[in-house]
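Report on the following structure.
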Amino acid sequence: MKTVIWWIRRDLRLADNQALAEALRQANTVIPVFILDPKLWSSEFVGPARLGFLLDGLRALDASLRERGSRLILRKGDPLEVLRALCQESLAEGIFAEEDYSPYARQRDEKIALSLPLNLVPGVTIFPPQILTKANGEPYTVFTPFSRLWRSLPVSSSPLPAPEHLLIVPELLSLDIPAQPNHPTDSFFRAGEPEAQRRLTYFTDSNIIQYASTRNRMDLDGTSQLSPYLRLGMLSARQAVWAARKVLDAAVKPEDRDSVETWLNELIWREFYSTILYYFPFVRGKAFKANLRQILWRNNPAVFSAWKAGLTGYPVVDAAMRQLNATGWMHNRARMITASFLTKDLLIDWREGERFFMQQLLDGDPASNNGGWQWTAGTGTDAAPYFRVFNPILQGKKFDPEGDYVRKWVPELKNVPINYLHAPWEMPLEVQKQMGCVIGHDYPDPIVDHAMARKRVLLVYRGQSQD
DNA sequence: TGAAATGTTGGGGCG
DNA sequence: ACGCCCCAACATTTC
């Protein structure tokens with residue numbers, strides 16, 4: 001083969017890219033193509049933040065390609081039609097792409113493979129879902145045995161280096177990469193492979209050995225914050241795992257090893273949910289647990305709007321939602337708290353929260369996001385039991401003990417003393433006035449009483465689960 | 001990767 | 001000195 005297409009989907013990187021490497025093995029001219037598929041990027045599950053992050057990522061990828069004598073071809077439309085036309089224009093004899101296991105991608109790729117020479121190569125996850133089953137071929141639905149199998153498998157070869165040189169692509173029409181001005185998130189998460197690598201190095205050189213003790217603290221940078229980069233493949237799962245293993249090999253103290261293992265576990269959760277969605281694609285639409293598909297949600301639109309805007313009157317919830325809206329990212333602990341609050345305290349369907357998170361999150365991934373929501377709602381595989389209801393006040397005291405997280409994202413509460421910060425409605429009116437934060441005026445009254453809401457949701461869930 | 005309700009224990013105040 | 005009560009601290013059960 002002389003010319004092939006490298007079809008880029010969620011692998012915006014040159015290093016450790018097995019699809020690109022395979023394309024280069026087959027041909028000397030490789031055409032890098034990204035197709036803006038309106039079915040994906042104009043859907044109700046995408047917002048300006050992730051679209052902007054994608055477009056910035058494409059710009060960064062194009063820059064790296066140009067440094068190597070190549071360039072990115074951007075097209076828009078139905079992938080089958082675009083690829084068919086491109087194959088004719090370029091006389092490409094093959095298409096190489098990283099395999100994507102989400103339902104839409106599988107359906108799309110199966111259809112394309114019927115009429116075009118599409119070759120799918122692994123890389124989104126360390127292991128493909130086909131091998132992550134029980135001995136009898138059944139998929140796992142519980143995390144712990146799944147993770148035991150995952151850890152027992154050898155992570156084959158080391159990450160591939162980026163190719164040093166690529167041949168110039170033939171004269172082909174390419175759209176300009178559009179601008180996406182309405183996303184202020186790039187000041188928090190700069191897109192692109194170099195930034196992803198820089199962050200991975202920083203994390204594995206420093207914070208990873210504190211991860212077990214700091215990962216739940218919303219006021220600290222205890223997490224890796226790599227999820228947006230993993231989502232679009234500016235970083236590969238294999239690069240992350242190898243970097244972690246390197247730390248593990250050098251670690252002396254058992255706490256350090258624990259921390260690295262804890263972080264690895266999070267990467268395994270990612271593969272768990274990818275595998276769950278592969279075998280149970282219906283979870284995108286309904287509860288995994290059949291007995292929790294008829295919950296009588298309240299779905300009050302005004303209450304949903306208050307939650308989205310960070311105006312519930314519960315400081316930790318509001319801080320988290322405002323962090324999400326401002327940056328396109330939310331701390332994992334805060335995701336559990338806000339999800340618990342939406343589903344259990346406000347009795348709003350987890351699918352509403354799932355969709356809003358998909359719209360706002362840079363890392364919005366159908367498998368992980370759905371898994372997280374169904375876990376919190378208690379409807380999913382290996383989920384939290386339905387009666388596990390987070391108390392937003394206690395969660396705030398535990399995981400934002402100084403209140404720095406709340407004060408950063410909810411400036412109205414900046415001057416509220418820490419002993420009132422997570423339940424500011426308990427402030428005497430005198431103190432409220434003194435601090436310039438009158439509840440109901442400068443900051444909302446709590447939208448619901450947590451003690452009442454807890455009892456209410458237990459009744460609602462219990463009624464359903466016993467049907 | 002919860003939190004509330006309930007049960008148990010033991011120290012100290014006090015008649 | 002003794003029994004009683006209170007309640008904090010911790011453990012267990014329940015949702």
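For the structure tokens, the naming scheme is as follows: chains receive sequential letters (A, B, ...) according to their order of presentation, residues are indexed from 1 within each chain, and ligands are indexed from 1 in presentation order.
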
Closest-contact table, chain B side, partner chain A, 12 Å, counting only C-alpha atoms (C1' of nucleotides), as a Markdown table:
| residue | atom | partner | partner_atom | distance |
| --- | --- | --- | --- | --- |
| B:DT1 | C1' | A:Arg333 | CA | 8.3 |
| B:DG2 | C1' | A:Arg388 | CA | 5.4 |
| B:DA3 | C1' | A:Val389 | CA | 7.1 |
| B:DA4 | C1' | A:Ala451 | CA | 9.7 |

Output file for the selection above: C-alpha atoms (C1' of nucleotides), as a tab-separated table (two decimals), in the first residue's frame:
chain	number	residue	atom	x	y	z
B	1	DT	C1'	-16.67	5.87	47.44
B	2	DG	C1'	-22.77	7.36	53.79
B	3	DA	C1'	-25.41	8.69	57.41
B	4	DA	C1'	-28.88	8.24	60.94

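Every protein, DNA or RNA residue with an atom at most 12 Å from DT8 in chain B, where only C-alpha atoms (C1' of nucleotides) count and chain neighbours fewer than 5 positions away do not, is listed here: C:DA9, C:DC10, C:DA11, C:DT12.
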
Quick one: residues within 10 Å of range 6-8 of chain C, only C-alpha atoms (C1' of nucleotides), excluding same-chain residues fewer than 2 positions away - as a PDB file with N, CA and C atoms (P, O5', C5', C4', C3', O3' and C1' of nucleotides), in the first residue's frame?
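Saved as part.pdb:
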ATOM      1  P    DG B  10     -16.973  -0.984  80.090  1.00  0.00           P
ATOM      2  O5'  DG B  10     -16.592   0.474  80.611  1.00  0.00           O
ATOM      3  C5'  DG B  10     -15.960   1.396  79.724  1.00  0.00           C
ATOM      4  C4'  DG B  10     -16.035   2.776  80.339  1.00  0.00           C
ATOM      5  C3'  DG B  10     -15.826   2.790  81.863  1.00  0.00           C
ATOM      6  O3'  DG B  10     -15.031   3.904  82.192  1.00  0.00           O
ATOM      7  C1'  DG B  10     -17.850   3.837  81.338  1.00  0.00           C
ATOM      8  P    DG B  11     -14.163   3.912  83.492  1.00  0.00           P
ATOM      9  O5'  DG B  11     -13.990   5.471  83.732  1.00  0.00           O
ATOM     10  C5'  DG B  11     -13.802   6.332  82.621  1.00  0.00           C
ATOM     11  C4'  DG B  11     -14.466   7.653  82.914  1.00  0.00           C
ATOM     12  C3'  DG B  11     -14.291   8.148  84.354  1.00  0.00           C
ATOM     13  O3'  DG B  11     -13.886   9.504  84.333  1.00  0.00           O
ATOM     14  C1'  DG B  11     -16.600   8.079  83.798  1.00  0.00           C
ATOM     15  P    DG B  12     -13.428  10.208  85.663  1.00  0.00           P
ATOM     16  O5'  DG B  12     -14.695  11.100  86.013  1.00  0.00           O
ATOM     17  C5'  DG B  12     -15.182  12.022  85.047  1.00  0.00           C
ATOM     18  C4'  DG B  12     -16.469  12.612  85.560  1.00  0.00           C
ATOM     19  C3'  DG B  12     -16.420  13.044  87.037  1.00  0.00           C
ATOM     20  O3'  DG B  12     -17.015  14.321  87.163  1.00  0.00           O
ATOM     21  C1'  DG B  12     -18.221  11.579  86.693  1.00  0.00           C
ATOM     22  P    DG B  13     -16.867  15.156  88.463  1.00  0.00           P
ATOM     23  O5'  DG B  13     -18.369  15.603  88.706  1.00  0.00           O
ATOM     24  C5'  DG B  13     -19.136  16.082  87.620  1.00  0.00           C
ATOM     25  C4'  DG B  13     -20.592  16.068  87.993  1.00  0.00           C
ATOM     26  C3'  DG B  13     -20.877  16.588  89.405  1.00  0.00           C
ATOM     27  O3'  DG B  13     -22.021  17.429  89.373  1.00  0.00           O
ATOM     28  C1'  DG B  13     -21.702  14.368  89.195  1.00  0.00           C
TER      29       DG B  13
ATOM     30  P    DC C   4     -30.223   1.730  91.702  1.00  0.00           P
ATOM     31  O5'  DC C   4     -30.390   3.107  90.945  1.00  0.00           O
ATOM     32  C5'  DC C   4     -30.861   4.254  91.660  1.00  0.00           C
ATOM     33  C4'  DC C   4     -30.509   5.493  90.889  1.00  0.00           C
ATOM     34  C3'  DC C   4     -30.745   5.362  89.383  1.00  0.00           C
ATOM     35  O3'  DC C   4     -31.827   6.212  89.013  1.00  0.00           O
ATOM     36  C1'  DC C   4     -28.667   6.455  89.890  1.00  0.00           C
ATOM     37  P    DC C  10     -13.908   7.975  70.853  1.00  0.00           P
ATOM     38  O5'  DC C  10     -14.528   6.551  70.509  1.00  0.00           O
ATOM     39  C5'  DC C  10     -14.491   5.524  71.503  1.00  0.00           C
ATOM     40  C4'  DC C  10     -15.531   4.489  71.181  1.00  0.00           C
ATOM     41  C3'  DC C  10     -15.478   3.940  69.750  1.00  0.00           C
ATOM     42  O3'  DC C  10     -15.187   2.561  69.799  1.00  0.00           O
ATOM     43  C1'  DC C  10     -17.706   4.341  70.472  1.00  0.00           C
TER      44       DC C  10
END

Please provide as a PyMOL selection string all residues within 12 Å of Gln107 in chain A, with the sequence filter that same-chain residues fewer than 6 positions apart are discarded (counting only C-alpha atoms (C1' of nucleotides)). chain A and resi 79-80+99-101+113-114+278+281

Would you list the contacts of Gly353 in chain A as a list in words, taking every protein, DNA or RNA residue within 8 Å and counting only C-alpha atoms (C1' of nucleotides), but skipping same-chain residues closer than 4 positions in sequence? Ala339, Leu342, Ile348, Asp349, Phe357 and Trp373 of chain A

How about saving the chosen residues, C-alpha atoms kept, as a CSV table (one decimal), in the first residue's frame?
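Below is the file out-v2.csv, written as the result:
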chain,number,residue,atom,x,y,z
A,339,ALA,CA,-25.3,13.7,41.7
A,342,LEU,CA,-29.9,15.9,42.3
A,348,ILE,CA,-34.7,14.5,39.6
A,349,ASP,CA,-34.1,11.7,37.1
A,357,PHE,CA,-22.8,16.7,32.7
A,373,TRP,CA,-24.6,8.6,37.5

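Listed by chain and then by rising number, the residues of range 129-196 of chain A that DSSP assigns to alpha helix (DSSP H) from the backbone are Phe143, Thr144, Pro145, Phe146, Ser147, Arg148, Leu149, Trp150, Arg151, Ser152, Glu193, Pro194, Glu195 and Ala196 of chain A.
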
When you draw a straight line from CA of Arg238 in chain A to CA of Leu40 in chain A, how long is it in Å? 25.5 Å

Can you list, as a list in words, every protein, DNA or RNA residue that comes within 9 Å of Asn325 in chain A when you count only C-alpha atoms (C1' of nucleotides), leaving out same-chain residues fewer than 2 positions away? Ala49, Thr185, Lys308, Ala309, Gly310, Ala320, Met321, Arg322, Gln323, Thr327, Gly328, Trp329, Met330, Gln360 and Leu361 of chain A

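Within the 12 Å cut-off around Ile439 in chain A, using only C-alpha atoms (C1' of nucleotides) and omitting residues fewer than 4 positions from it on the same chain, the listed residues are Leu311, Thr312, Gly313, Tyr314, Pro315, Glu412, Leu413, Val416, Tyr420, Leu421, Ala423, Pro424, Trp425, Glu426, Met427, Pro428, Leu429, Glu430, Val431, Gln432, Lys433, Met435, Tyr443, Pro444, Asp445, Pro446 and Ile447 of chain A.
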
Write a file of the just-selected residues containing N, CA and C atoms, as a short mmCIF file (atom, residue, chain, number, x, y, z; two decimals), in the first residue's frame.
data_model
loop_
_atom_site.label_atom_id
_atom_site.label_comp_id
_atom_site.auth_asym_id
_atom_site.auth_seq_id
_atom_site.Cartn_x
_atom_site.Cartn_y
_atom_site.Cartn_z
N LEU A 311 -27.31 27.30 42.49
CA LEU A 311 -28.10 28.20 43.34
C LEU A 311 -29.06 27.40 44.22
N THR A 312 -28.54 26.33 44.82
CA THR A 312 -29.40 25.48 45.64
C THR A 312 -29.41 25.90 47.10
N GLY A 313 -28.47 26.77 47.47
CA GLY A 313 -28.37 27.15 48.88
C GLY A 313 -27.53 26.19 49.70
N TYR A 314 -27.05 25.11 49.10
CA TYR A 314 -26.09 24.21 49.76
C TYR A 314 -24.70 24.53 49.21
N PRO A 315 -23.83 25.10 50.02
CA PRO A 315 -22.57 25.65 49.51
C PRO A 315 -21.71 24.67 48.71
N GLU A 412 -20.04 34.83 47.25
CA GLU A 412 -20.97 35.42 48.21
C GLU A 412 -20.66 34.99 49.64
N LEU A 413 -20.06 33.79 49.75
CA LEU A 413 -19.84 33.22 51.08
C LEU A 413 -18.41 33.47 51.59
N VAL A 416 -17.99 34.30 55.27
CA VAL A 416 -18.74 33.52 56.27
C VAL A 416 -17.76 32.67 57.08
N TYR A 420 -19.98 28.19 60.12
CA TYR A 420 -21.29 28.32 59.47
C TYR A 420 -21.23 28.05 57.97
N LEU A 421 -20.02 27.90 57.42
CA LEU A 421 -19.86 27.95 55.96
C LEU A 421 -20.66 26.87 55.22
N ALA A 423 -23.35 25.34 56.29
CA ALA A 423 -24.79 25.45 56.58
C ALA A 423 -25.08 26.90 56.93
N PRO A 424 -24.94 27.81 55.96
CA PRO A 424 -24.93 29.24 56.28
C PRO A 424 -26.27 29.76 56.79
N TRP A 425 -27.37 29.01 56.54
CA TRP A 425 -28.68 29.44 57.03
C TRP A 425 -28.75 29.39 58.55
N GLU A 426 -27.77 28.73 59.17
CA GLU A 426 -27.75 28.66 60.63
C GLU A 426 -27.10 29.89 61.26
N MET A 427 -26.55 30.76 60.40
CA MET A 427 -25.94 31.99 60.93
C MET A 427 -27.00 32.88 61.55
N PRO A 428 -26.75 33.41 62.74
CA PRO A 428 -27.67 34.42 63.27
C PRO A 428 -27.74 35.61 62.31
N LEU A 429 -28.88 36.23 62.24
CA LEU A 429 -29.09 37.33 61.29
C LEU A 429 -28.04 38.42 61.48
N GLU A 430 -27.67 38.66 62.73
CA GLU A 430 -26.65 39.68 63.03
C GLU A 430 -25.35 39.37 62.27
N VAL A 431 -24.92 38.10 62.36
CA VAL A 431 -23.68 37.69 61.69
C VAL A 431 -23.84 37.78 60.17
N GLN A 432 -25.02 37.39 59.68
CA GLN A 432 -25.27 37.48 58.23
C GLN A 432 -25.06 38.91 57.74
N LYS A 433 -25.63 39.86 58.48
CA LYS A 433 -25.51 41.27 58.08
C LYS A 433 -24.06 41.72 58.15
N MET A 435 -21.40 39.99 57.84
CA MET A 435 -20.56 39.38 56.82
C MET A 435 -21.01 39.75 55.40
N TYR A 443 -27.45 35.18 49.16
CA TYR A 443 -27.23 33.77 48.84
C TYR A 443 -28.55 33.04 49.11
N PRO A 444 -28.90 32.05 48.24
CA PRO A 444 -30.25 31.48 48.35
C PRO A 444 -30.51 30.74 49.67
N ASP A 445 -31.76 30.73 50.06
CA ASP A 445 -32.22 29.80 51.09
C ASP A 445 -32.00 28.39 50.57
N PRO A 446 -31.78 27.44 51.46
CA PRO A 446 -31.66 26.05 50.98
C PRO A 446 -32.93 25.64 50.23
N ILE A 447 -32.73 25.03 49.07
CA ILE A 447 -33.85 24.73 48.18
C ILE A 447 -34.71 23.61 48.72
#
